[in-house]
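K.L.:
Quick one, my_file_30.cif (mmCIF, C-alpha atoms):
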```cif
data_start
loop_
_atom_site.label_atom_id
_atom_site.label_comp_id
_atom_site.auth_asym_id
_atom_site.auth_seq_id
_atom_site.Cartn_x
_atom_site.Cartn_y
_atom_site.Cartn_z
CA MET A 28 -1.65 -2.86 -31.98
CA ALA A 29 -2.02 -2.43 -28.21
CA GLU A 30 -5.48 -1.77 -26.86
CA PRO A 31 -5.97 1.84 -25.73
CA HIS A 32 -5.65 2.23 -21.98
CA LYS A 33 -8.92 2.49 -20.05
CA ASP A 34 -8.76 4.46 -16.79
CA GLU A 35 -9.77 2.26 -13.86
CA TYR A 36 -9.02 4.31 -10.76
CA GLU A 37 -11.35 7.30 -11.23
CA VAL A 38 -13.88 5.95 -8.71
CA GLN A 39 -11.22 4.39 -6.48
CA MET A 40 -9.14 7.52 -5.77
CA ASP A 41 -11.15 9.07 -2.96
CA MET A 42 -11.69 5.75 -1.20
CA LEU A 43 -8.03 4.73 -1.31
CA GLU A 44 -6.94 8.10 0.05
CA LEU A 45 -9.49 7.80 2.84
CA ILE A 46 -7.95 4.47 3.84
CA TRP A 47 -4.25 5.06 3.20
CA GLY A 48 -3.84 8.85 3.32
CA GLU A 49 -3.65 11.71 0.85
CA GLY A 50 -1.73 10.74 -2.27
CA PHE A 51 -1.64 7.01 -1.54
CA MET A 52 -3.17 4.15 -3.50
CA ALA A 53 -1.23 1.19 -2.09
CA PRO A 54 -1.44 -0.59 1.26
CA GLY A 55 0.26 0.99 4.24
CA GLY A 56 0.44 4.53 2.90
CA GLU A 57 3.61 6.41 3.85
CA GLY A 58 4.76 3.70 6.23
CA ASN A 59 5.05 1.22 3.40
CA VAL A 60 7.17 3.61 1.35
CA HIS A 61 9.75 3.51 4.15
CA ARG A 62 9.63 -0.29 4.22
CA ILE A 63 10.15 -0.55 0.46
CA VAL A 64 13.31 1.61 0.46
CA ASP A 65 14.61 0.59 3.88
CA GLY A 66 18.40 0.75 3.96
CA LEU A 67 18.79 2.56 0.63
CA ASP A 68 20.63 5.89 0.43
CA LEU A 69 18.46 8.01 -1.86
CA SER A 70 19.87 11.47 -1.12
CA GLY A 71 20.54 13.22 -4.41
CA LYS A 72 19.68 10.05 -6.34
CA THR A 73 17.45 9.91 -9.40
CA VAL A 74 14.41 7.72 -8.78
CA LEU A 75 11.94 6.55 -11.41
CA GLU A 76 8.57 5.51 -10.03
CA ILE A 77 6.53 3.40 -12.41
CA GLY A 78 2.81 3.62 -11.73
CA SER A 79 3.15 6.72 -9.56
CA GLY A 80 -0.61 7.08 -9.07
CA LEU A 81 -1.60 10.00 -6.85
CA GLY A 82 2.03 10.78 -6.09
CA GLY A 83 2.23 10.02 -2.38
CA GLY A 84 5.20 7.71 -2.68
CA ALA A 85 7.18 10.07 -4.89
CA LEU A 86 6.55 12.98 -2.54
CA VAL A 87 7.82 10.98 0.44
CA LEU A 88 10.94 9.98 -1.49
CA ALA A 89 11.62 13.64 -2.26
CA ARG A 90 10.71 15.18 1.12
CA LYS A 91 12.06 12.52 3.46
CA TYR A 92 14.96 11.09 1.45
CA GLY A 93 16.13 13.97 -0.74
CA ALA A 94 15.62 12.07 -4.00
CA ARG A 95 14.82 13.57 -7.38
CA VAL A 96 11.81 11.63 -8.62
CA LEU A 97 10.20 11.09 -12.00
CA GLY A 98 6.77 9.52 -11.59
CA MET A 99 5.07 7.94 -14.58
CA ASP A 100 1.46 6.83 -14.87
CA VAL A 101 -1.00 5.99 -17.64
CA GLU A 102 -4.08 7.63 -16.05
CA GLU A 103 -4.50 11.36 -16.63
CA GLY A 104 -6.67 11.97 -13.56
CA LEU A 105 -4.04 10.45 -11.28
CA VAL A 106 -1.21 12.48 -12.82
CA GLU A 107 -3.15 15.73 -12.56
CA ARG A 108 -3.92 15.21 -8.88
CA ALA A 109 -0.31 14.16 -8.16
CA ARG A 110 0.92 17.39 -9.73
CA ARG A 111 -1.40 19.40 -7.50
CA TYR A 112 -0.11 17.61 -4.42
CA ALA A 113 3.49 18.27 -5.47
CA ALA A 114 2.78 21.99 -5.81
CA LYS A 115 0.98 22.06 -2.46
CA THR A 116 3.76 20.16 -0.72
CA GLY A 117 6.44 22.48 -2.07
CA VAL A 118 8.61 19.85 -3.73
CA ALA A 119 7.67 20.52 -7.35
CA ASP A 120 11.34 21.25 -8.06
CA LEU A 121 12.27 17.69 -7.00
CA VAL A 122 9.35 15.75 -8.49
CA GLU A 123 7.97 15.46 -12.01
CA PHE A 124 4.82 13.52 -12.84
CA ARG A 125 4.51 12.43 -16.45
CA LEU A 126 1.49 11.00 -18.28
CA VAL A 127 2.71 8.12 -20.45
CA LYS A 128 1.34 5.46 -22.76
CA PRO A 129 1.70 1.75 -22.01
CA GLY A 130 4.87 0.37 -23.54
CA PRO A 131 8.59 1.11 -23.48
CA PHE A 132 9.65 3.76 -20.98
CA GLU A 133 10.43 7.16 -22.44
CA VAL A 134 13.56 7.26 -20.31
CA ASP A 135 17.19 7.11 -21.41
CA GLU A 136 19.23 3.97 -20.96
CA ALA A 137 21.27 3.79 -17.72
CA SER A 138 19.91 7.14 -16.51
CA VAL A 139 18.32 6.42 -13.10
CA ASP A 140 19.71 5.16 -9.80
CA VAL A 141 16.56 3.55 -8.44
CA VAL A 142 13.29 2.26 -9.86
CA TYR A 143 10.47 2.24 -7.32
CA ALA A 144 7.30 0.22 -7.90
CA SER A 145 4.45 -0.12 -5.40
CA GLY A 146 1.35 -2.06 -6.40
CA VAL A 147 1.95 -1.68 -10.13
CA LEU A 148 3.32 -4.97 -11.51
CA ILE A 149 0.04 -6.66 -10.60
CA HIS A 150 -1.59 -4.65 -13.39
CA LEU A 151 0.95 -5.65 -16.06
CA GLU A 152 0.47 -8.83 -18.04
CA ASP A 153 3.98 -8.97 -19.52
CA LYS A 154 6.04 -8.53 -16.38
CA PRO A 155 9.30 -9.85 -17.92
CA LYS A 156 9.09 -7.16 -20.62
CA THR A 157 8.59 -4.46 -17.99
CA LEU A 158 11.49 -5.76 -15.91
CA THR A 159 13.68 -5.66 -19.02
CA GLU A 160 12.79 -1.98 -19.37
CA VAL A 161 13.55 -1.39 -15.69
CA TYR A 162 16.95 -3.03 -16.15
CA ARG A 163 17.61 -0.91 -19.26
CA VAL A 164 17.01 2.45 -17.58
CA LEU A 165 18.93 1.67 -14.40
CA LYS A 166 22.53 2.74 -14.08
CA PRO A 167 25.04 -0.06 -13.40
CA GLY A 168 24.72 -0.83 -9.70
CA GLY A 169 21.19 0.62 -9.62
CA VAL A 170 18.35 -1.05 -7.77
CA LEU A 171 14.70 -1.94 -8.30
CA ALA A 172 12.74 -1.78 -5.04
CA GLY A 173 9.07 -2.68 -4.89
CA TYR A 174 5.99 -4.09 -3.23
CA ASP A 175 2.98 -5.85 -4.69
CA TRP A 176 -0.14 -7.87 -4.06
CA LEU A 177 0.44 -11.51 -4.92
CA LYS A 178 -1.31 -14.85 -5.06
CA SER A 179 -0.62 -18.27 -3.62
CA PRO A 180 0.64 -21.05 -5.93
CA GLY A 181 -1.89 -22.73 -8.18
CA PRO A 182 -4.96 -21.47 -10.03
CA LEU A 183 -7.16 -18.71 -8.66
CA SER A 184 -10.01 -19.99 -6.52
CA ASP A 185 -13.62 -18.94 -6.87
CA ASP A 186 -13.16 -16.73 -3.82
CA MET A 187 -10.19 -14.98 -5.42
CA LEU A 188 -12.06 -14.53 -8.68
CA GLU A 189 -14.95 -13.00 -6.74
CA TRP A 190 -12.59 -10.60 -4.96
CA ILE A 191 -11.06 -9.55 -8.29
CA ARG A 192 -14.55 -9.08 -9.76
CA ILE A 193 -15.52 -6.78 -6.90
CA GLU A 194 -12.24 -4.89 -7.16
CA GLY A 195 -13.12 -4.11 -10.78
CA LEU A 196 -9.47 -3.71 -11.77
CA THR A 197 -7.27 -5.54 -14.24
CA PHE A 198 -5.01 -7.90 -12.30
CA TYR A 199 -2.37 -10.32 -13.56
CA MET A 200 -1.39 -11.95 -10.30
CA ASP A 201 1.67 -14.07 -9.65
CA THR A 202 3.62 -15.55 -6.75
CA LEU A 203 6.54 -13.99 -4.89
CA GLU A 204 8.69 -16.93 -6.00
CA ASN A 205 7.97 -16.12 -9.63
CA TYR A 206 8.81 -12.46 -9.05
CA ALA A 207 12.25 -13.54 -7.84
CA ALA A 208 12.70 -15.78 -10.88
CA MET A 209 11.65 -13.03 -13.29
CA LEU A 210 14.09 -10.57 -11.71
CA THR A 211 16.90 -13.08 -12.07
CA ASP A 212 15.97 -13.84 -15.68
CA ALA A 213 15.99 -10.10 -16.46
CA GLY A 214 19.63 -9.91 -15.35
CA PHE A 215 19.30 -8.62 -11.79
CA GLU A 216 21.62 -9.91 -9.08
CA ARG A 217 21.37 -9.92 -5.27
CA VAL A 218 17.65 -10.55 -5.69
CA GLU A 219 15.76 -10.32 -2.39
CA THR A 220 12.13 -11.07 -1.61
CA THR A 221 10.22 -10.79 1.66
CA ASP A 222 6.74 -12.16 2.28
CA ALA A 223 4.65 -9.39 3.87
CA SER A 224 1.38 -11.30 4.03
CA ASP A 225 1.15 -11.39 7.82
CA TRP A 226 1.69 -7.62 7.96
CA TYR A 227 -0.98 -6.88 5.37
CA ASN A 228 -3.44 -9.31 6.92
CA ARG A 229 -3.28 -7.22 10.10
CA GLU A 230 -3.48 -3.96 8.13
CA ALA A 231 -6.51 -5.09 6.13
CA ALA A 232 -8.34 -6.25 9.24
CA GLU A 233 -7.76 -2.84 10.85
CA GLU A 234 -8.87 -1.10 7.64
CA TYR A 235 -12.10 -3.10 7.53
CA ALA A 236 -12.81 -2.32 11.17
CA ARG A 237 -12.28 1.40 10.52
CA MET A 238 -14.57 1.26 7.48
CA ARG A 239 -17.37 -0.24 9.55
CA GLY A 240 -16.71 2.17 12.41
CA PRO A 241 -15.11 5.63 12.41
CA LEU A 242 -14.82 5.92 8.61
CA TYR A 243 -18.39 4.84 7.86
CA GLU A 244 -19.91 8.33 7.88
CA ASP A 245 -17.04 9.80 5.85
CA MET A 246 -17.43 7.05 3.27
CA THR A 247 -21.15 7.78 3.05
CA ARG A 248 -20.55 11.51 2.65
CA ILE A 249 -17.70 11.28 0.14
CA LEU A 250 -18.75 8.23 -1.87
CA GLY A 251 -22.49 7.91 -1.37
CA PRO A 252 -24.28 4.81 -0.01
CA GLU A 253 -23.87 2.70 -3.16
CA GLN A 254 -20.11 3.10 -3.43
CA ARG A 255 -19.75 2.83 0.35
CA ASP A 256 -21.43 -0.56 0.30
CA HIS A 257 -19.36 -1.62 -2.71
CA PHE A 258 -16.10 -0.98 -0.89
CA LEU A 259 -17.36 -2.64 2.27
CA ALA A 260 -18.13 -5.74 0.18
CA ASP A 261 -14.68 -5.47 -1.41
CA TRP A 262 -12.85 -5.43 1.93
CA ARG A 263 -15.16 -8.12 3.35
CA GLN A 264 -14.27 -10.45 0.47
CA GLY A 265 -10.65 -9.49 0.93
CA GLN A 266 -10.85 -10.81 4.48
CA VAL A 267 -11.97 -14.16 3.07
CA VAL A 268 -9.04 -14.61 0.66
CA LEU A 269 -6.50 -13.18 3.08
CA GLY A 270 -7.70 -15.58 5.77
CA LYS A 271 -7.28 -18.51 3.38
CA GLY A 272 -3.76 -17.41 2.43
CA GLU A 273 -4.72 -16.95 -1.22
CA LEU A 274 -4.23 -13.18 -1.39
CA ARG A 275 -0.67 -12.40 -0.38
CA SER A 276 1.76 -9.50 -0.52
CA GLY A 277 5.50 -9.04 -0.54
CA TYR A 278 8.59 -6.94 -1.17
CA PHE A 279 11.15 -7.50 -3.90
CA ARG A 280 14.51 -5.97 -4.67
CA GLY A 281 17.17 -6.56 -7.31
CA TYR A 282 20.39 -4.85 -8.38
CA LYS A 283 21.75 -4.24 -11.85
CA PRO A 284 25.34 -5.55 -11.90
CA ALA A 285 27.91 -2.80 -11.39
CA ASP A 286 29.82 -3.98 -14.45
CA ALA A 287 26.76 -4.11 -16.72
CA PHE A 288 27.02 -2.27 -20.02
#
```
Turn this file's structure into structure tokens for me.
P.N.:
Amino acid sequence: MAEPHKDEYEVQMDMLELIWGEGFMAPGGEGNVHRIVDGLDLSGKTVLEIGSGLGGGALVLARKYGARVLGMDVEEGLVERARRYAAKTGVADLVEFRLVKPGPFEVDEASVDVVYASGVLIHLEDKPKTLTEVYRVLKPGGVLAGYDWLKSPGPLSDDMLEWIRIEGLTFYMDTLENYAAMLTDAGFERVETTDASDWYNREAAEEYARMRGPLYEDMTRILGPEQRDHFLADWRQGQVVLGKGELRSGYFRGYKPADAF
């Protein structure tokens, strides 16, 4: 029997929104949503977002691209806040946020045009099983488009283990090369991957500078001194593993064959 899910982002929500913008929990905020779906025609398409978090990505896909989006997440607090943002933004008719349990998707086979995943596969131990589910729910010709934090080849160093400890989240990290292999093994074709490490290294350095400068007082007011210092330590350790090339990031995309049954 699977272990019951334990919410991990309750403390993180306010900090991540302060860094990346309202509704966002993944690097780059809205700008990264555009990079993930670059070149895709989403108008009128059905998009499933796995790990929809606070809903920022889904809302951009609906408002800016005209997609109909189903966002799924396992944390109740995230889903509740995402629903509030959808109502406030005025796209509640295009976006649904659903609280789900870990496991098979409660989505019909071959029913969605696009699966969108930003910063979620890192949390999943059995990635091949999840990719099999993604493949199942996609229509023939449909596409998986995503972004994730990654690691360099080889075992995790002490510095990486320290960064993960400070993060306080459950991570099952892998390489971009293995992501490509897992997509291919799941049946996807036209698999594409792009290393985005240089981009995120610059982003993270700017984030850390903002945290020590213009965001410092807001962090103190919103989070309190203890949590402020925790996140400063988190980003400081992140600079260490990013600088060593051990913490990486990248984009991945794969298409379900048009003749798939």
K.L.:
So, counting only C-alpha atoms, which residue among A:Thr73, A:Glu216, A:Val161, A:Gly55 is closest to Asp286 in chain A?
P.N.:
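Among the listed residues, A:Glu216 lies closest to Asp286 in chain A.
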K.L.:
Written as a PyMOL selection string, which residues does the PyMOL selection byres ((chain A and resi 118-132) around 6) give for the file shown?
P.N.:
chain A and resi 95-101+113-114+116-117+133-134
K.L.:
For C-alpha atoms, I'd like the residues from the last selection saved as a JSON list (two decimals), in the frame of the given file.
P.N.:
```
[["chain", "number", "residue", "atom", "x", "y", "z"],
["A", 95, "ARG", "CA", 14.82, 13.57, -7.38],
["A", 96, "VAL", "CA", 11.81, 11.63, -8.62],
["A", 97, "LEU", "CA", 10.20, 11.09, -12.00],
["A", 98, "GLY", "CA", 6.77, 9.52, -11.59],
["A", 99, "MET", "CA", 5.07, 7.94, -14.58],
["A", 100, "ASP", "CA", 1.46, 6.83, -14.87],
["A", 101, "VAL", "CA", -1.00, 5.99, -17.64],
["A", 113, "ALA", "CA", 3.49, 18.27, -5.47],
["A", 114, "ALA", "CA", 2.78, 21.99, -5.81],
["A", 116, "THR", "CA", 3.76, 20.16, -0.72],
["A", 117, "GLY", "CA", 6.44, 22.48, -2.07],
["A", 133, "GLU", "CA", 10.43, 7.16, -22.44],
["A", 134, "VAL", "CA", 13.56, 7.26, -20.31]]
```
K.L.:
Could you tell me how far CA of Ala260 in chain A lies from CA of Glu102 in chain A, in Å and to one decimal?
P.N.:
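Pair CA of Ala260 in chain A / CA of Glu102 in chain A returns 25.3 Å.
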K.L.:
For the atom pair CA of Phe198 in chain A and CA of Ala236 in chain A, what is the interatomic distance in Å to one decimal place?
P.N.:
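Going from CA of Phe198 in chain A over to CA of Ala236 in chain A, I get 25.4 Å.
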K.L.:
Give me the result of the PyMOL selection byres ((chain A and resi 79-88) around 6) on this file, residue by residue, as a ChimeraX atom specification.
P.N.:
/A:50-51,76-78,89-92,94,98-100,105,109
K.L.:
Have a look at A:Val268, A:Leu158, A:Met42, A:Ala232 and name the one nearest to Asp256 in chain A; count all atoms listed in the file.
P.N.:
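Closest residue, counting all atoms listed in the file: A:Met42.
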K.L.:
Evaluate the PyMOL selection byres ((chain A and resi 139-154) around 8) on the structure here and hand back the selected residues as a count of residues only.
P.N.:
35
K.L.:
Hey, can you check how far CA of Pro252 in chain A sits from CA of Gly240 in chain A?
P.N.:
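Going from CA of Pro252 in chain A over to CA of Gly240 in chain A covers 14.8 Å.
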